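Visitor: Sharing structure_34.txt here; it has compact mmCIF, N, CA and C atoms.
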# COMPACT_ATOMS: atom_id res chain seq x y z
N MET A 1 93.28 72.96 104.06
CA MET A 1 94.12 73.99 104.62
C MET A 1 95.17 73.32 105.51
N MET A 2 96.41 73.77 105.37
CA MET A 2 97.52 73.22 106.15
C MET A 2 97.46 73.75 107.57
N ARG A 3 97.36 72.87 108.56
CA ARG A 3 97.37 73.28 109.97
C ARG A 3 98.80 73.51 110.42
N ILE A 4 99.00 74.54 111.22
CA ILE A 4 100.33 74.87 111.72
C ILE A 4 100.58 74.11 113.02
N GLN A 5 101.70 73.44 113.07
CA GLN A 5 102.07 72.70 114.27
C GLN A 5 102.43 73.68 115.38
N PRO A 6 102.06 73.37 116.63
CA PRO A 6 102.38 74.28 117.74
C PRO A 6 103.87 74.63 117.82
N SER A 7 104.73 73.68 117.51
CA SER A 7 106.18 73.92 117.57
C SER A 7 106.67 74.87 116.47
N ASP A 8 105.86 75.09 115.44
CA ASP A 8 106.24 75.95 114.31
C ASP A 8 105.63 77.35 114.39
N ARG A 9 104.76 77.57 115.34
CA ARG A 9 104.00 78.82 115.39
C ARG A 9 104.89 80.07 115.49
N GLU A 10 105.88 80.05 116.36
CA GLU A 10 106.73 81.23 116.54
C GLU A 10 107.55 81.52 115.29
N ALA A 11 108.08 80.49 114.65
CA ALA A 11 108.87 80.68 113.43
C ALA A 11 108.01 81.24 112.31
N ILE A 12 106.78 80.72 112.16
CA ILE A 12 105.89 81.22 111.10
C ILE A 12 105.43 82.64 111.41
N ARG A 13 105.20 82.93 112.68
CA ARG A 13 104.85 84.29 113.08
C ARG A 13 105.96 85.25 112.65
N SER A 14 107.20 84.88 112.89
CA SER A 14 108.35 85.70 112.50
C SER A 14 108.44 85.88 110.99
N ILE A 15 108.19 84.81 110.26
CA ILE A 15 108.21 84.89 108.79
C ILE A 15 107.19 85.91 108.31
N ILE A 16 105.98 85.84 108.84
CA ILE A 16 104.92 86.77 108.42
C ILE A 16 105.31 88.22 108.74
N LEU A 17 105.79 88.44 109.95
CA LEU A 17 106.14 89.81 110.36
C LEU A 17 107.33 90.36 109.60
N GLU A 18 108.31 89.50 109.29
CA GLU A 18 109.51 89.95 108.59
C GLU A 18 109.29 90.18 107.09
N ARG A 19 108.34 89.48 106.50
CA ARG A 19 108.17 89.55 105.04
C ARG A 19 106.95 90.35 104.61
N THR A 20 106.41 91.15 105.52
CA THR A 20 105.29 92.02 105.15
C THR A 20 105.71 93.47 105.31
N ILE A 21 105.10 94.31 104.50
CA ILE A 21 105.32 95.75 104.57
C ILE A 21 104.02 96.37 105.05
N ARG A 22 104.10 97.15 106.12
CA ARG A 22 102.91 97.80 106.68
C ARG A 22 102.57 99.04 105.87
N ILE A 23 101.30 99.17 105.51
CA ILE A 23 100.80 100.35 104.80
C ILE A 23 99.88 101.09 105.78
N PRO A 24 100.41 102.11 106.47
CA PRO A 24 99.63 102.76 107.53
C PRO A 24 98.30 103.33 107.05
N GLU A 25 98.27 103.90 105.84
CA GLU A 25 97.03 104.53 105.35
C GLU A 25 95.90 103.53 105.21
N ALA A 26 96.21 102.31 104.81
CA ALA A 26 95.19 101.29 104.60
C ALA A 26 95.14 100.27 105.74
N GLY A 27 96.22 100.19 106.50
CA GLY A 27 96.30 99.19 107.56
C GLY A 27 96.71 97.81 107.06
N CYS A 28 96.96 97.68 105.78
CA CYS A 28 97.33 96.38 105.22
C CYS A 28 98.76 96.00 105.57
N TRP A 29 98.98 94.69 105.69
CA TRP A 29 100.32 94.12 105.81
C TRP A 29 100.55 93.42 104.48
N ILE A 30 101.24 94.06 103.56
CA ILE A 30 101.41 93.51 102.22
C ILE A 30 102.57 92.52 102.19
N TRP A 31 102.29 91.32 101.73
CA TRP A 31 103.28 90.27 101.61
C TRP A 31 104.29 90.68 100.53
N ALA A 32 105.56 90.73 100.91
CA ALA A 32 106.61 91.20 100.00
C ALA A 32 107.50 90.06 99.54
N ASP A 33 106.93 88.89 99.40
CA ASP A 33 107.69 87.73 98.95
C ASP A 33 106.87 87.04 97.86
N SER A 34 107.01 85.77 97.74
CA SER A 34 106.38 85.01 96.65
C SER A 34 104.85 85.10 96.69
N CYS A 35 104.28 85.37 95.52
CA CYS A 35 102.82 85.38 95.37
C CYS A 35 102.43 84.46 94.22
N MET A 36 101.27 83.88 94.34
CA MET A 36 100.73 83.06 93.26
C MET A 36 100.27 83.98 92.13
N ALA A 37 99.97 83.40 90.99
CA ALA A 37 99.47 84.19 89.85
C ALA A 37 98.17 84.90 90.22
N THR A 38 97.41 84.36 91.16
CA THR A 38 96.16 84.97 91.59
C THR A 38 96.36 86.13 92.54
N GLY A 39 97.61 86.36 92.99
CA GLY A 39 97.90 87.48 93.86
C GLY A 39 98.01 87.14 95.34
N TYR A 40 97.65 85.93 95.73
CA TYR A 40 97.74 85.54 97.14
C TYR A 40 99.18 85.22 97.50
N GLY A 41 99.63 85.70 98.68
CA GLY A 41 100.97 85.41 99.15
C GLY A 41 101.11 83.96 99.55
N GLN A 42 102.32 83.45 99.39
CA GLN A 42 102.58 82.05 99.75
C GLN A 42 104.01 81.91 100.24
N PHE A 43 104.26 80.86 101.02
CA PHE A 43 105.62 80.55 101.45
C PHE A 43 105.69 79.07 101.79
N ARG A 44 106.93 78.59 101.85
CA ARG A 44 107.18 77.22 102.25
C ARG A 44 107.95 77.25 103.57
N PHE A 45 107.59 76.32 104.44
CA PHE A 45 108.28 76.17 105.71
C PHE A 45 108.31 74.69 106.04
N LYS A 46 109.50 74.19 106.29
CA LYS A 46 109.69 72.76 106.57
C LYS A 46 109.02 71.89 105.51
N ASN A 47 109.23 72.27 104.26
CA ASN A 47 108.71 71.51 103.11
C ASN A 47 107.19 71.49 103.01
N LYS A 48 106.53 72.44 103.65
CA LYS A 48 105.07 72.55 103.56
C LYS A 48 104.72 73.90 102.96
N HIS A 49 103.68 73.92 102.15
CA HIS A 49 103.22 75.13 101.47
C HIS A 49 102.11 75.78 102.30
N TYR A 50 102.22 77.10 102.49
CA TYR A 50 101.21 77.86 103.23
C TYR A 50 100.78 79.08 102.43
N TYR A 51 99.50 79.43 102.53
CA TYR A 51 99.00 80.69 102.03
C TYR A 51 99.16 81.69 103.19
N VAL A 52 99.70 82.85 102.91
CA VAL A 52 100.03 83.81 103.95
C VAL A 52 98.80 84.25 104.74
N HIS A 53 97.71 84.58 104.05
CA HIS A 53 96.54 85.07 104.78
C HIS A 53 95.96 84.00 105.69
N GLN A 54 95.99 82.74 105.27
CA GLN A 54 95.49 81.66 106.11
C GLN A 54 96.40 81.44 107.32
N ALA A 55 97.71 81.47 107.09
CA ALA A 55 98.66 81.29 108.19
C ALA A 55 98.56 82.45 109.18
N SER A 56 98.42 83.67 108.68
CA SER A 56 98.30 84.84 109.54
C SER A 56 97.06 84.73 110.43
N TYR A 57 95.95 84.33 109.84
CA TYR A 57 94.72 84.19 110.61
C TYR A 57 94.91 83.15 111.71
N GLU A 58 95.51 82.02 111.35
CA GLU A 58 95.71 80.95 112.32
C GLU A 58 96.68 81.35 113.43
N ILE A 59 97.74 82.07 113.09
CA ILE A 59 98.74 82.48 114.07
C ILE A 59 98.22 83.59 114.99
N PHE A 60 97.59 84.61 114.43
CA PHE A 60 97.23 85.80 115.19
C PHE A 60 95.79 85.81 115.71
N VAL A 61 94.91 84.99 115.14
CA VAL A 61 93.50 85.02 115.56
C VAL A 61 93.14 83.67 116.18
N THR A 62 92.89 82.68 115.35
CA THR A 62 92.53 81.35 115.84
C THR A 62 92.61 80.35 114.70
N GLU A 63 92.63 79.10 115.04
CA GLU A 63 92.62 78.06 114.01
C GLU A 63 91.24 78.02 113.36
N PRO A 64 91.19 78.12 112.03
CA PRO A 64 89.89 78.12 111.35
C PRO A 64 89.17 76.77 111.51
N SER A 65 87.88 76.82 111.48
CA SER A 65 87.07 75.61 111.51
C SER A 65 87.22 74.85 110.19
N ASP A 66 87.04 73.55 110.23
CA ASP A 66 87.15 72.74 109.02
C ASP A 66 86.16 73.23 107.96
N GLY A 67 86.63 73.29 106.73
CA GLY A 67 85.79 73.67 105.61
C GLY A 67 85.54 75.16 105.46
N MET A 68 86.14 75.96 106.33
CA MET A 68 85.92 77.40 106.26
C MET A 68 87.01 78.08 105.44
N PHE A 69 86.67 79.21 104.85
CA PHE A 69 87.59 80.01 104.06
C PHE A 69 88.08 81.17 104.93
N ILE A 70 89.26 81.68 104.61
CA ILE A 70 89.73 82.91 105.23
C ILE A 70 89.60 83.99 104.16
N CYS A 71 88.75 84.95 104.43
CA CYS A 71 88.39 85.98 103.46
C CYS A 71 89.01 87.32 103.86
N HIS A 72 89.18 88.22 102.88
CA HIS A 72 89.76 89.54 103.10
C HIS A 72 88.67 90.60 103.17
N ARG A 73 88.64 91.37 104.25
CA ARG A 73 87.75 92.53 104.33
C ARG A 73 88.24 93.63 103.39
N CYS A 74 89.56 93.74 103.26
CA CYS A 74 90.16 94.83 102.47
C CYS A 74 90.23 94.50 100.97
N ASP A 75 89.98 93.26 100.60
CA ASP A 75 90.03 92.81 99.20
C ASP A 75 91.41 92.93 98.57
N ILE A 76 92.45 93.00 99.38
CA ILE A 76 93.83 93.05 98.89
C ILE A 76 94.42 91.65 99.10
N ARG A 77 94.57 90.91 98.03
CA ARG A 77 94.97 89.50 98.14
C ARG A 77 96.28 89.25 98.86
N PRO A 78 97.32 90.08 98.68
CA PRO A 78 98.56 89.81 99.43
C PRO A 78 98.55 90.34 100.86
N CYS A 79 97.43 90.87 101.34
CA CYS A 79 97.35 91.41 102.70
C CYS A 79 97.32 90.26 103.71
N ALA A 80 98.14 90.42 104.77
CA ALA A 80 98.22 89.41 105.83
C ALA A 80 97.80 89.98 107.19
N ASN A 81 97.24 91.19 107.21
CA ASN A 81 96.81 91.77 108.47
C ASN A 81 95.66 90.94 109.04
N PRO A 82 95.85 90.34 110.22
CA PRO A 82 94.80 89.48 110.77
C PRO A 82 93.49 90.21 111.03
N TYR A 83 93.57 91.53 111.23
CA TYR A 83 92.34 92.32 111.44
C TYR A 83 91.59 92.58 110.15
N HIS A 84 92.19 92.29 109.02
CA HIS A 84 91.53 92.42 107.71
C HIS A 84 90.97 91.09 107.23
N LEU A 85 91.10 90.05 108.04
CA LEU A 85 90.69 88.71 107.64
C LEU A 85 89.51 88.24 108.46
N PHE A 86 88.66 87.43 107.85
CA PHE A 86 87.55 86.83 108.60
C PHE A 86 87.29 85.44 108.07
N GLU A 87 86.74 84.63 108.92
CA GLU A 87 86.41 83.25 108.58
C GLU A 87 84.99 83.20 108.03
N GLY A 88 84.82 82.48 106.95
CA GLY A 88 83.48 82.36 106.37
C GLY A 88 83.38 81.15 105.45
N THR A 89 82.17 80.84 105.10
CA THR A 89 81.91 79.75 104.16
C THR A 89 82.15 80.27 102.74
N GLN A 90 82.10 79.38 101.77
CA GLN A 90 82.20 79.80 100.37
C GLN A 90 81.04 80.75 100.04
N THR A 91 79.86 80.47 100.57
CA THR A 91 78.70 81.34 100.36
C THR A 91 78.96 82.72 100.95
N ASP A 92 79.52 82.77 102.17
CA ASP A 92 79.85 84.06 102.80
C ASP A 92 80.83 84.84 101.93
N ASN A 93 81.85 84.13 101.42
CA ASN A 93 82.86 84.77 100.59
C ASN A 93 82.25 85.34 99.31
N MET A 94 81.38 84.57 98.67
CA MET A 94 80.74 85.03 97.44
C MET A 94 79.77 86.18 97.72
N HIS A 95 79.06 86.11 98.85
CA HIS A 95 78.15 87.20 99.22
C HIS A 95 78.94 88.49 99.46
N ASP A 96 80.06 88.37 100.18
CA ASP A 96 80.93 89.52 100.43
C ASP A 96 81.41 90.12 99.11
N ALA A 97 81.86 89.27 98.19
CA ALA A 97 82.33 89.73 96.88
C ALA A 97 81.21 90.42 96.10
N SER A 98 80.02 89.84 96.16
CA SER A 98 78.88 90.41 95.45
C SER A 98 78.49 91.78 96.03
N MET A 99 78.49 91.89 97.35
CA MET A 99 78.14 93.15 98.00
C MET A 99 79.14 94.25 97.66
N LYS A 100 80.38 93.86 97.40
CA LYS A 100 81.42 94.82 97.04
C LYS A 100 81.55 94.99 95.53
N ARG A 101 80.64 94.37 94.80
CA ARG A 101 80.60 94.41 93.32
C ARG A 101 81.89 93.90 92.68
N ARG A 102 82.50 92.89 93.34
CA ARG A 102 83.67 92.25 92.75
C ARG A 102 83.26 91.07 91.88
N VAL A 103 82.08 90.54 92.12
CA VAL A 103 81.61 89.40 91.34
C VAL A 103 80.21 89.71 90.85
N VAL A 104 80.07 89.83 89.55
CA VAL A 104 78.78 90.06 88.94
C VAL A 104 78.69 89.14 87.74
N GLY A 105 77.73 88.27 87.75
CA GLY A 105 77.55 87.37 86.61
C GLY A 105 78.61 86.29 86.50
N GLY A 106 79.36 86.03 87.55
CA GLY A 106 80.26 84.89 87.56
C GLY A 106 81.72 85.17 87.35
N ASN A 107 82.10 86.19 86.57
CA ASN A 107 83.53 86.39 86.35
C ASN A 107 84.07 87.63 87.06
N GLY A 108 83.21 88.45 87.62
CA GLY A 108 83.65 89.59 88.39
C GLY A 108 84.02 90.82 87.58
N ILE A 109 84.11 90.71 86.26
CA ILE A 109 84.49 91.84 85.43
C ILE A 109 83.39 92.09 84.42
N LEU A 110 82.98 93.32 84.33
CA LEU A 110 81.89 93.68 83.45
C LEU A 110 82.35 94.38 82.19
N GLY A 111 81.57 94.22 81.13
CA GLY A 111 81.71 95.02 79.92
C GLY A 111 83.05 94.96 79.21
N ALA A 112 83.46 96.11 78.67
CA ALA A 112 84.65 96.20 77.83
C ALA A 112 85.93 95.88 78.60
N SER A 113 85.89 95.90 79.92
CA SER A 113 87.07 95.59 80.72
C SER A 113 87.38 94.10 80.76
N HIS A 114 86.40 93.28 80.43
CA HIS A 114 86.62 91.84 80.46
C HIS A 114 87.58 91.44 79.36
N TYR A 115 88.49 90.50 79.66
CA TYR A 115 89.52 90.13 78.68
C TYR A 115 88.95 89.50 77.41
N CYS A 116 87.73 89.01 77.45
CA CYS A 116 87.10 88.41 76.25
C CYS A 116 86.20 89.40 75.51
N ALA A 117 86.12 90.62 75.99
CA ALA A 117 85.21 91.60 75.38
C ALA A 117 85.56 91.83 73.92
N LYS A 118 84.52 91.84 73.09
CA LYS A 118 84.70 92.09 71.66
C LYS A 118 84.16 93.46 71.26
N LEU A 119 83.30 94.02 72.11
CA LEU A 119 82.65 95.29 71.79
C LEU A 119 83.06 96.38 72.76
N THR A 120 83.20 97.57 72.25
CA THR A 120 83.45 98.74 73.07
C THR A 120 82.11 99.37 73.42
N PRO A 121 82.07 100.24 74.41
CA PRO A 121 80.81 100.94 74.72
C PRO A 121 80.26 101.71 73.52
N ASP A 122 81.14 102.30 72.71
CA ASP A 122 80.68 103.04 71.52
C ASP A 122 80.05 102.09 70.51
N ALA A 123 80.64 100.91 70.32
CA ALA A 123 80.09 99.94 69.38
C ALA A 123 78.72 99.45 69.85
N ILE A 124 78.56 99.24 71.13
CA ILE A 124 77.26 98.81 71.67
C ILE A 124 76.21 99.89 71.45
N LEU A 125 76.57 101.13 71.72
CA LEU A 125 75.64 102.25 71.50
C LEU A 125 75.26 102.34 70.02
N ASP A 126 76.21 102.17 69.13
CA ASP A 126 75.96 102.20 67.68
C ASP A 126 75.00 101.09 67.28
N ILE A 127 75.19 99.88 67.81
CA ILE A 127 74.32 98.74 67.48
C ILE A 127 72.90 99.00 67.98
N ARG A 128 72.78 99.52 69.20
CA ARG A 128 71.46 99.75 69.79
C ARG A 128 70.70 100.87 69.09
N THR A 129 71.38 101.79 68.48
CA THR A 129 70.69 102.92 67.83
C THR A 129 70.38 102.63 66.36
N ARG A 130 70.73 101.53 65.82
CA ARG A 130 70.44 101.20 64.42
C ARG A 130 69.00 100.86 64.22
Show me, as structure tokens, the structure contained in the file I just sent.

Guide:
Amino acid sequence: MMRIQPSDREAIRSIILERTIRIPEAGCWIWADSCMATGYGQFRFKNKHYYVHQASYEIFVTEPSDGMFICHRCDIRPCANPYHLFEGTQTDNMHDASMKRRVVGGNGILGASHYCAKLTPDAILDIRTR
């Protein structure tokens, strides 16, 4: 994780506040700029790459401990609201995902919704009743 230099903190704070859209109903601060294919917000500052949620946590809450992840309580990947973020281990992150039924069996998507699914629910029912 890229640590933010003390001299850059105010500029990065401004970037986060200027490039997010507040969603009052959910409380999310949605990143309205560049996002990775995975949905996480990102930006460059002084030739360094930052993930928005990690930078937001570091700027508004505290510097994360080494080896820790910054996880979303709201499960909205482009959200930068520091109150929606928490520090945890990879195990904590996976447990959180499992408790929210975002990860089941490794890929997080079940049944016919999975991109590799070959069978529909009707086809499965037909096979089981034969």

Visitor: Would you tabulate, counting only C-alpha atoms, all residues of region 59-88 of chain A that have an atom at most 8 Å from an atom of region 2-23 of chain A, showing the closest pair of atoms and their distance in Å to one decimal, sorted by chain then ascending number, as a tab-separated table?

Guide:
residue	atom	partner	partner_atom	distance
A:Ile59	CA	A:Arg13	CA	6.4
A:Glu63	CA	A:Arg3	CA	7.9
A:Ala80	CA	A:Thr20	CA	7.6

Visitor: I'd like the neighbourhood of Arg77 (chain A) as JSON, numbers by chain, where a residue qualifies if any of its atoms comes within 8 Å (using only N, CA and C atoms), though same-chain residues fewer than 2 positions away should be ignored.

Guide: {"A": [30, 31, 38, 39, 40, 41, 53, 72, 74, 75, 79, 80]}

Visitor: What is the distance between atom C of Phe45 (chain A) and atom N of Pro24 (chain A), in Å to one decimal?

Guide: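 Computed distance, atom C of Phe45 (chain A) to atom N of Pro24 (chain A), equals 28.5 Å.
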
Visitor: Measure the distance from CA of Gly27 (chain A) to CA of Thr89 (chain A) in Å and round it to one decimal.

Guide: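 Result for CA of Gly27 (chain A) versus CA of Thr89 (chain A): 24.4 Å, one decimal.
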
Visitor: Step one, run DSSP on the backbone; step two, keep only residues of chain A assigned to alpha helix (DSSP H); then write them as a VMD selection string.

Guide: chain A and resid 9 to 18 52 to 60 90 to 99 121 to 128

Visitor: Taking into account all atoms listed in the file, which residue in the set A:Gly67, A:Glu25, A:Thr120, A:Tyr57 is nearest to Leu85 (chain A)?

Guide: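 Smallest separation from Leu85 (chain A) among the options: A:Tyr57.
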
Visitor: DSSP on the backbone: what in chain A comes out strand (DSSP E), as an NGL selection string?

Guide: :A and (20-23 or 28-31 or 42-45 or 48-51 or 69-72 or 85-88)

Visitor: Would you work out the distance separating atom C of Ala55 (chain A) from atom C of Cys28 (chain A), expressed in Å to one decimal?

Guide: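 Going from atom C of Ala55 (chain A) over to atom C of Cys28 (chain A), I get 14.0 Å.
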
Visitor: Taking all atoms of region 6-17 of chain A that appear in the file, build a box with edges along x, y and z, extend it by 3 Å on every side, and state its centre and edge lengths in Å to one decimal, as lines of an AutoDock Vina configuration file.

Guide:
center_x = 105.5
center_y = 81.9
center_z = 113.1
size_x = 12.8
size_y = 23.0
size_z = 15.5

Visitor: Using all atoms listed in the file, determine which residues lie at most 7 Å from Met68 (chain A), disregarding the query and same-chain residues fewer than 4 positions distant; provide the list as a PyMOL selection string.

Guide: chain A and resi 64+87-90

Visitor: Using only C-alpha atoms, which of A:Ile70, A:Met36, A:Ala123, A:Val61 sits nearest Pro82 (chain A)?

Guide: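 Answer, going by the shortest atom-to-atom distance: A:Val61.
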